[in-house]
Amino acid sequence: MQRYPEAETAYRKALSITERAFDYRNLGDVLRRQERYEESISSYTKALELDTDYSDVRYELGWTYACYLKPPNYAAAREVFESCLERNDSDPEAFYGFACIDSLQNNFEASLTHLQRAIEIDPSYRDRAKNDTDFDPIRHDPRFQALLNP
């Protein structure tokens, strides 16, 4: 049973007592699961204001812009993933995020380059990409298949 309204109430109550990045992140997750994407973006943004190094929040914010918001805001998602790379130039999640966005925007060369970099840093991204629908536009490209099945 999903009790998102109750969880939202609990996080808002906790935040009324003391503002913590952790609670804003969790509130953002709860709002996103309720398909309240603009509110989740605001919550993630507030979490980052309180803790600029909270990388998991950056990822959630980037994915919300790219995958949940309708229509997607790829430019904002790119900015978020770029901010991840500014903090860590070997961040596989950021490279994976770029790969997904590039695939969805039919920028296949860039997608393959970013995906290859993510896999070089962390080979577990190979398995993740195998079932990720963001790669459907390039799924049958032999170069994509070569990355997944070396």
# chains A, B, ... in the order shown; residues from 1 in each chain; ligands from 1

call {"tool": "closest_atom_pairs", "arguments": {"of": "range 45-103 of chain A", "to": "range 114-137 of chain A", "cutoff": "10 Å", "atoms": "only C-alpha atoms", "output": "tab-separated table"}}
result
residue	atom	partner	partner_atom	distance
A:Cys67	CA	A:Asp134	CA	8.8
A:Ser90	CA	A:Ile121	CA	6.9
A:Asp91	CA	A:Ala118	CA	7.6
A:Pro92	CA	A:Ala118	CA	4.4
A:Glu93	CA	A:Ala118	CA	6.9
A:Ala94	CA	A:Ala118	CA	8.0
A:Phe95	CA	A:His114	CA	5.1
A:Tyr96	CA	A:Leu115	CA	5.6
A:Gly97	CA	A:His114	CA	8.4
A:Phe98	CA	A:His114	CA	6.3
A:Ala99	CA	A:His114	CA	4.9
A:Cys100	CA	A:Asp134	CA	5.4
A:Ile101	CA	A:Asp134	CA	7.6
A:Asp102	CA	A:His114	CA	8.6
A:Ser103	CA	A:Phe135	CA	5.8

call {"tool": "residues_around", "arguments": {"residues": "Arg143 in chain A", "least_positions_apart": "6", "cutoff": "12 Å", "atoms": "only C-alpha atoms", "output": "ChimeraX atom specification"}}
result
/A:108-109,111-113,115-116,149-150

call {"tool": "closest_residue", "arguments": {"among": "A:Val30, A:Ile41, A:Cys84, A:Ala21", "to": "Ser55 in chain A", "atoms": "only C-alpha atoms"}}
result
A:Cys84

call {"tool": "select_by_dssp", "arguments": {"residues": "range 20-132 of chain A", "states": "alpha helix (DSSP H)", "output": "VMD selection string"}}
result
chain A and resid 21 to 33 37 to 50 55 to 63 74 to 87 92 to 104 108 to 121 124 to 130

call {"tool": "closest_residue", "arguments": {"among": "A:Glu8, A:Asp89, A:Glu35, A:Asp51", "to": "Arg20 in chain A", "atoms": "only C-alpha atoms"}}
result
A:Asp51

call {"tool": "atom_distance", "arguments": {"atom1": "CA of Asn88 in chain A", "atom2": "CA of Ser40 in chain A"}}
result
24.5 Å

call {"tool": "closest_residue", "arguments": {"among": "A:Ser43, A:Asn26, A:Gln105, A:Gln145", "to": "Ala10 in chain A", "atoms": "only C-alpha atoms"}}
result
A:Asn26

call {"tool": "residues_around", "arguments": {"residues": "Ala47 in chain A", "least_positions_apart": "4", "cutoff": "9 Å", "atoms": "only C-alpha atoms", "output": "MDAnalysis selection string"}}
result
chainID A and resid 19:25 28 42:43 51:52 54 57

call {"tool": "write_last_selection", "arguments": {"atoms": "C-alpha atoms", "output": "mmCIF file, in the first residue's frame"}}
result
data_model
loop_
_atom_site.group_PDB
_atom_site.id
_atom_site.type_symbol
_atom_site.label_atom_id
_atom_site.label_comp_id
_atom_site.auth_asym_id
_atom_site.auth_seq_id
_atom_site.Cartn_x
_atom_site.Cartn_y
_atom_site.Cartn_z
ATOM 1 C CA GLU A 19 14.907 22.346 7.612
ATOM 2 C CA ARG A 20 17.158 19.485 6.574
ATOM 3 C CA ALA A 21 18.286 18.592 3.072
ATOM 4 C CA PHE A 22 17.485 14.933 3.735
ATOM 5 C CA ASP A 23 13.829 15.728 4.448
ATOM 6 C CA TYR A 24 13.513 17.979 1.402
ATOM 7 C CA ARG A 25 14.975 15.205 -0.743
ATOM 8 C CA GLY A 28 10.712 15.563 -3.368
ATOM 9 C CA SER A 42 11.175 22.792 -5.848
ATOM 10 C CA SER A 43 11.820 20.389 -2.995
ATOM 11 C CA ASP A 51 23.518 20.932 1.042
ATOM 12 C CA THR A 52 25.245 21.739 -2.238
ATOM 13 C CA TYR A 54 24.104 16.199 -1.985
ATOM 14 C CA VAL A 57 19.486 14.973 -4.985
#

call {"tool": "residues_around", "arguments": {"residues": "Glu6 in chain A", "least_positions_apart": "5", "cutoff": "12 Å", "atoms": "only C-alpha atoms", "output": "list of chain:residue names"}}
result
A:Met1, A:Tyr11, A:Arg12, A:Lys13, A:Leu27, A:Val30, A:Leu31, A:Gln34

call {"tool": "write_last_selection", "arguments": {"atoms": "N, CA, C and O atoms", "output": "PDB file, in the first residue's frame"}}
result
ATOM      1  N   MET A   1       0.836  -1.180   0.000  1.00  0.00           N
ATOM      2  CA  MET A   1       0.000   0.000   0.000  1.00  0.00           C
ATOM      3  C   MET A   1       0.882   1.245   0.000  1.00  0.00           C
ATOM      4  O   MET A   1       1.826   1.350   0.765  1.00  0.00           O
ATOM      5  N   TYR A  11       6.809  14.582   6.338  1.00  0.00           N
ATOM      6  CA  TYR A  11       7.987  15.358   5.943  1.00  0.00           C
ATOM      7  C   TYR A  11       7.747  16.850   6.096  1.00  0.00           C
ATOM      8  O   TYR A  11       8.623  17.585   6.553  1.00  0.00           O
ATOM      9  N   ARG A  12       6.552  17.305   5.744  1.00  0.00           N
ATOM     10  CA  ARG A  12       6.258  18.738   5.908  1.00  0.00           C
ATOM     11  C   ARG A  12       6.277  19.135   7.385  1.00  0.00           C
ATOM     12  O   ARG A  12       6.750  20.212   7.743  1.00  0.00           O
ATOM     13  N   LYS A  13       5.784  18.257   8.243  1.00  0.00           N
ATOM     14  CA  LYS A  13       5.812  18.535   9.681  1.00  0.00           C
ATOM     15  C   LYS A  13       7.262  18.597  10.173  1.00  0.00           C
ATOM     16  O   LYS A  13       7.630  19.518  10.920  1.00  0.00           O
ATOM     17  N   LEU A  27      10.885  14.469   0.645  1.00  0.00           N
ATOM     18  CA  LEU A  27       9.628  15.104   0.247  1.00  0.00           C
ATOM     19  C   LEU A  27       9.562  15.178  -1.279  1.00  0.00           C
ATOM     20  O   LEU A  27       8.512  14.896  -1.873  1.00  0.00           O
ATOM     21  N   VAL A  30       8.553  11.821  -2.602  1.00  0.00           N
ATOM     22  CA  VAL A  30       7.128  11.550  -2.360  1.00  0.00           C
ATOM     23  C   VAL A  30       6.267  12.348  -3.342  1.00  0.00           C
ATOM     24  O   VAL A  30       5.296  11.825  -3.911  1.00  0.00           O
ATOM     25  N   LEU A  31       6.616  13.593  -3.562  1.00  0.00           N
ATOM     26  CA  LEU A  31       5.856  14.418  -4.505  1.00  0.00           C
ATOM     27  C   LEU A  31       5.975  13.876  -5.932  1.00  0.00           C
ATOM     28  O   LEU A  31       4.992  13.836  -6.673  1.00  0.00           O
ATOM     29  N   GLN A  34       3.791  11.065  -6.586  1.00  0.00           N
ATOM     30  CA  GLN A  34       2.398  11.492  -6.731  1.00  0.00           C
ATOM     31  C   GLN A  34       2.201  12.284  -8.032  1.00  0.00           C
ATOM     32  O   GLN A  34       1.150  12.880  -8.236  1.00  0.00           O
TER      33      GLN A  34
END

call {"tool": "residues_around", "arguments": {"residues": "Arg78 in chain A", "least_positions_apart": "2", "cutoff": "9 Å", "atoms": "only C-alpha atoms", "output": "list in words"}}
result
Gly62, Tyr65, Ala66, Asn73, Tyr74, Ala75, Ala76, Val80, Phe81, Glu82, Ser83, Ala94, Gly97, Phe98 and Ile101 of chain A

call {"tool": "decode", "arguments": {"residues": "range 68-80 of chain A", "atoms": "all heavy atoms", "output": "JSON list (two decimals), in the first residue's frame"}}
result
[["chain", "number", "residue", "atom", "x", "y", "z"],
["A", 68, "TYR", "N", 10.39, 12.69, -16.08],
["A", 68, "TYR", "CA", 9.06, 12.75, -15.47],
["A", 68, "TYR", "C", 8.28, 13.99, -15.90],
["A", 68, "TYR", "O", 7.08, 13.91, -16.14],
["A", 68, "TYR", "CB", 9.16, 12.71, -13.94],
["A", 68, "TYR", "CG", 9.75, 11.43, -13.43],
["A", 68, "TYR", "CD1", 11.07, 11.36, -13.01],
["A", 68, "TYR", "CD2", 8.98, 10.26, -13.39],
["A", 68, "TYR", "CE1", 11.61, 10.16, -12.55],
["A", 68, "TYR", "CE2", 9.52, 9.07, -12.93],
["A", 68, "TYR", "CZ", 10.84, 9.03, -12.52],
["A", 68, "TYR", "OH", 11.37, 7.85, -12.07],
["A", 69, "LEU", "N", 8.93, 15.11, -15.96],
["A", 69, "LEU", "CA", 8.27, 16.36, -16.32],
["A", 69, "LEU", "C", 7.74, 16.25, -17.75],
["A", 69, "LEU", "O", 8.42, 15.73, -18.64],
["A", 69, "LEU", "CB", 9.29, 17.50, -16.22],
["A", 69, "LEU", "CG", 8.77, 18.93, -16.18],
["A", 69, "LEU", "CD1", 7.89, 19.14, -14.96],
["A", 69, "LEU", "CD2", 9.93, 19.90, -16.17],
["A", 70, "LYS", "N", 6.53, 16.70, -17.95],
["A", 70, "LYS", "CA", 5.91, 16.66, -19.28],
["A", 70, "LYS", "C", 5.55, 18.07, -19.72],
["A", 70, "LYS", "O", 4.76, 18.72, -19.05],
["A", 70, "LYS", "CB", 4.65, 15.78, -19.27],
["A", 70, "LYS", "CG", 4.89, 14.36, -18.82],
["A", 70, "LYS", "CD", 5.81, 13.62, -19.73],
["A", 70, "LYS", "CE", 6.02, 12.20, -19.24],
["A", 70, "LYS", "NZ", 7.33, 11.68, -19.43],
["A", 71, "PRO", "N", 6.10, 18.55, -20.80],
["A", 71, "PRO", "CA", 7.17, 17.93, -21.59],
["A", 71, "PRO", "C", 8.49, 17.99, -20.83],
["A", 71, "PRO", "O", 8.67, 18.83, -19.94],
["A", 71, "PRO", "CB", 7.22, 18.80, -22.85],
["A", 71, "PRO", "CG", 6.77, 20.14, -22.41],
["A", 71, "PRO", "CD", 5.75, 19.89, -21.33],
["A", 72, "PRO", "N", 9.42, 17.12, -21.19],
["A", 72, "PRO", "CA", 10.71, 17.11, -20.50],
["A", 72, "PRO", "C", 11.44, 18.44, -20.69],
["A", 72, "PRO", "O", 11.27, 19.11, -21.72],
["A", 72, "PRO", "CB", 11.49, 15.99, -21.20],
["A", 72, "PRO", "CG", 10.49, 15.21, -21.96],
["A", 72, "PRO", "CD", 9.34, 16.11, -22.25],
["A", 73, "ASN", "N", 12.24, 18.78, -19.72],
["A", 73, "ASN", "CA", 13.09, 19.97, -19.83],
["A", 73, "ASN", "C", 14.54, 19.47, -19.91],
["A", 73, "ASN", "O", 15.25, 19.40, -18.91],
["A", 73, "ASN", "CB", 12.88, 20.89, -18.63],
["A", 73, "ASN", "CG", 13.63, 22.19, -18.77],
["A", 73, "ASN", "OD1", 14.60, 22.29, -19.50],
["A", 73, "ASN", "ND2", 13.18, 23.21, -18.05],
["A", 74, "TYR", "N", 14.93, 19.08, -21.12],
["A", 74, "TYR", "CA", 16.26, 18.51, -21.30],
["A", 74, "TYR", "C", 17.37, 19.51, -21.00],
["A", 74, "TYR", "O", 18.43, 19.13, -20.49],
["A", 74, "TYR", "CB", 16.42, 17.95, -22.71],
["A", 74, "TYR", "CG", 15.52, 16.78, -23.01],
["A", 74, "TYR", "CD1", 14.72, 16.75, -24.14],
["A", 74, "TYR", "CD2", 15.49, 15.67, -22.17],
["A", 74, "TYR", "CE1", 13.91, 15.66, -24.43],
["A", 74, "TYR", "CE2", 14.67, 14.58, -22.43],
["A", 74, "TYR", "CZ", 13.88, 14.58, -23.57],
["A", 74, "TYR", "OH", 13.07, 13.50, -23.84],
["A", 75, "ALA", "N", 17.13, 20.79, -21.31],
["A", 75, "ALA", "CA", 18.15, 21.80, -21.03],
["A", 75, "ALA", "C", 18.43, 21.88, -19.53],
["A", 75, "ALA", "O", 19.59, 21.93, -19.11],
["A", 75, "ALA", "CB", 17.72, 23.16, -21.58],
["A", 76, "ALA", "N", 17.39, 21.88, -18.73],
["A", 76, "ALA", "CA", 17.57, 21.92, -17.27],
["A", 76, "ALA", "C", 18.24, 20.65, -16.78],
["A", 76, "ALA", "O", 19.11, 20.70, -15.90],
["A", 76, "ALA", "CB", 16.23, 22.13, -16.58],
["A", 77, "ALA", "N", 17.85, 19.51, -17.34],
["A", 77, "ALA", "CA", 18.48, 18.24, -16.93],
["A", 77, "ALA", "C", 19.96, 18.26, -17.27],
["A", 77, "ALA", "O", 20.80, 17.83, -16.46],
["A", 77, "ALA", "CB", 17.78, 17.07, -17.63],
["A", 78, "ARG", "N", 20.30, 18.77, -18.44],
["A", 78, "ARG", "CA", 21.71, 18.86, -18.82],
["A", 78, "ARG", "C", 22.49, 19.74, -17.84],
["A", 78, "ARG", "O", 23.61, 19.40, -17.46],
["A", 78, "ARG", "CB", 21.86, 19.41, -20.24],
["A", 78, "ARG", "CG", 21.52, 18.43, -21.31],
["A", 78, "ARG", "CD", 21.74, 19.05, -22.70],
["A", 78, "ARG", "NE", 21.30, 18.15, -23.73],
["A", 78, "ARG", "CZ", 21.98, 17.08, -24.14],
["A", 78, "ARG", "NH1", 23.14, 16.80, -23.60],
["A", 78, "ARG", "NH2", 21.51, 16.30, -25.08],
["A", 79, "GLU", "N", 21.89, 20.84, -17.44],
["A", 79, "GLU", "CA", 22.55, 21.72, -16.47],
["A", 79, "GLU", "C", 22.83, 20.99, -15.16],
["A", 79, "GLU", "O", 23.90, 21.13, -14.57],
["A", 79, "GLU", "CB", 21.70, 22.96, -16.20],
["A", 79, "GLU", "CG", 21.69, 23.97, -17.31],
["A", 79, "GLU", "CD", 20.81, 25.17, -16.99],
["A", 79, "GLU", "OE1", 20.57, 25.46, -15.80],
["A", 79, "GLU", "OE2", 20.37, 25.84, -17.95],
["A", 80, "VAL", "N", 21.87, 20.21, -14.72],
["A", 80, "VAL", "CA", 22.04, 19.46, -13.48],
["A", 80, "VAL", "C", 23.16, 18.43, -13.62],
["A", 80, "VAL", "O", 24.05, 18.34, -12.76],
["A", 80, "VAL", "CB", 20.72, 18.77, -13.06],
["A", 80, "VAL", "CG1", 20.95, 17.83, -11.88],
["A", 80, "VAL", "CG2", 19.66, 19.81, -12.71]]
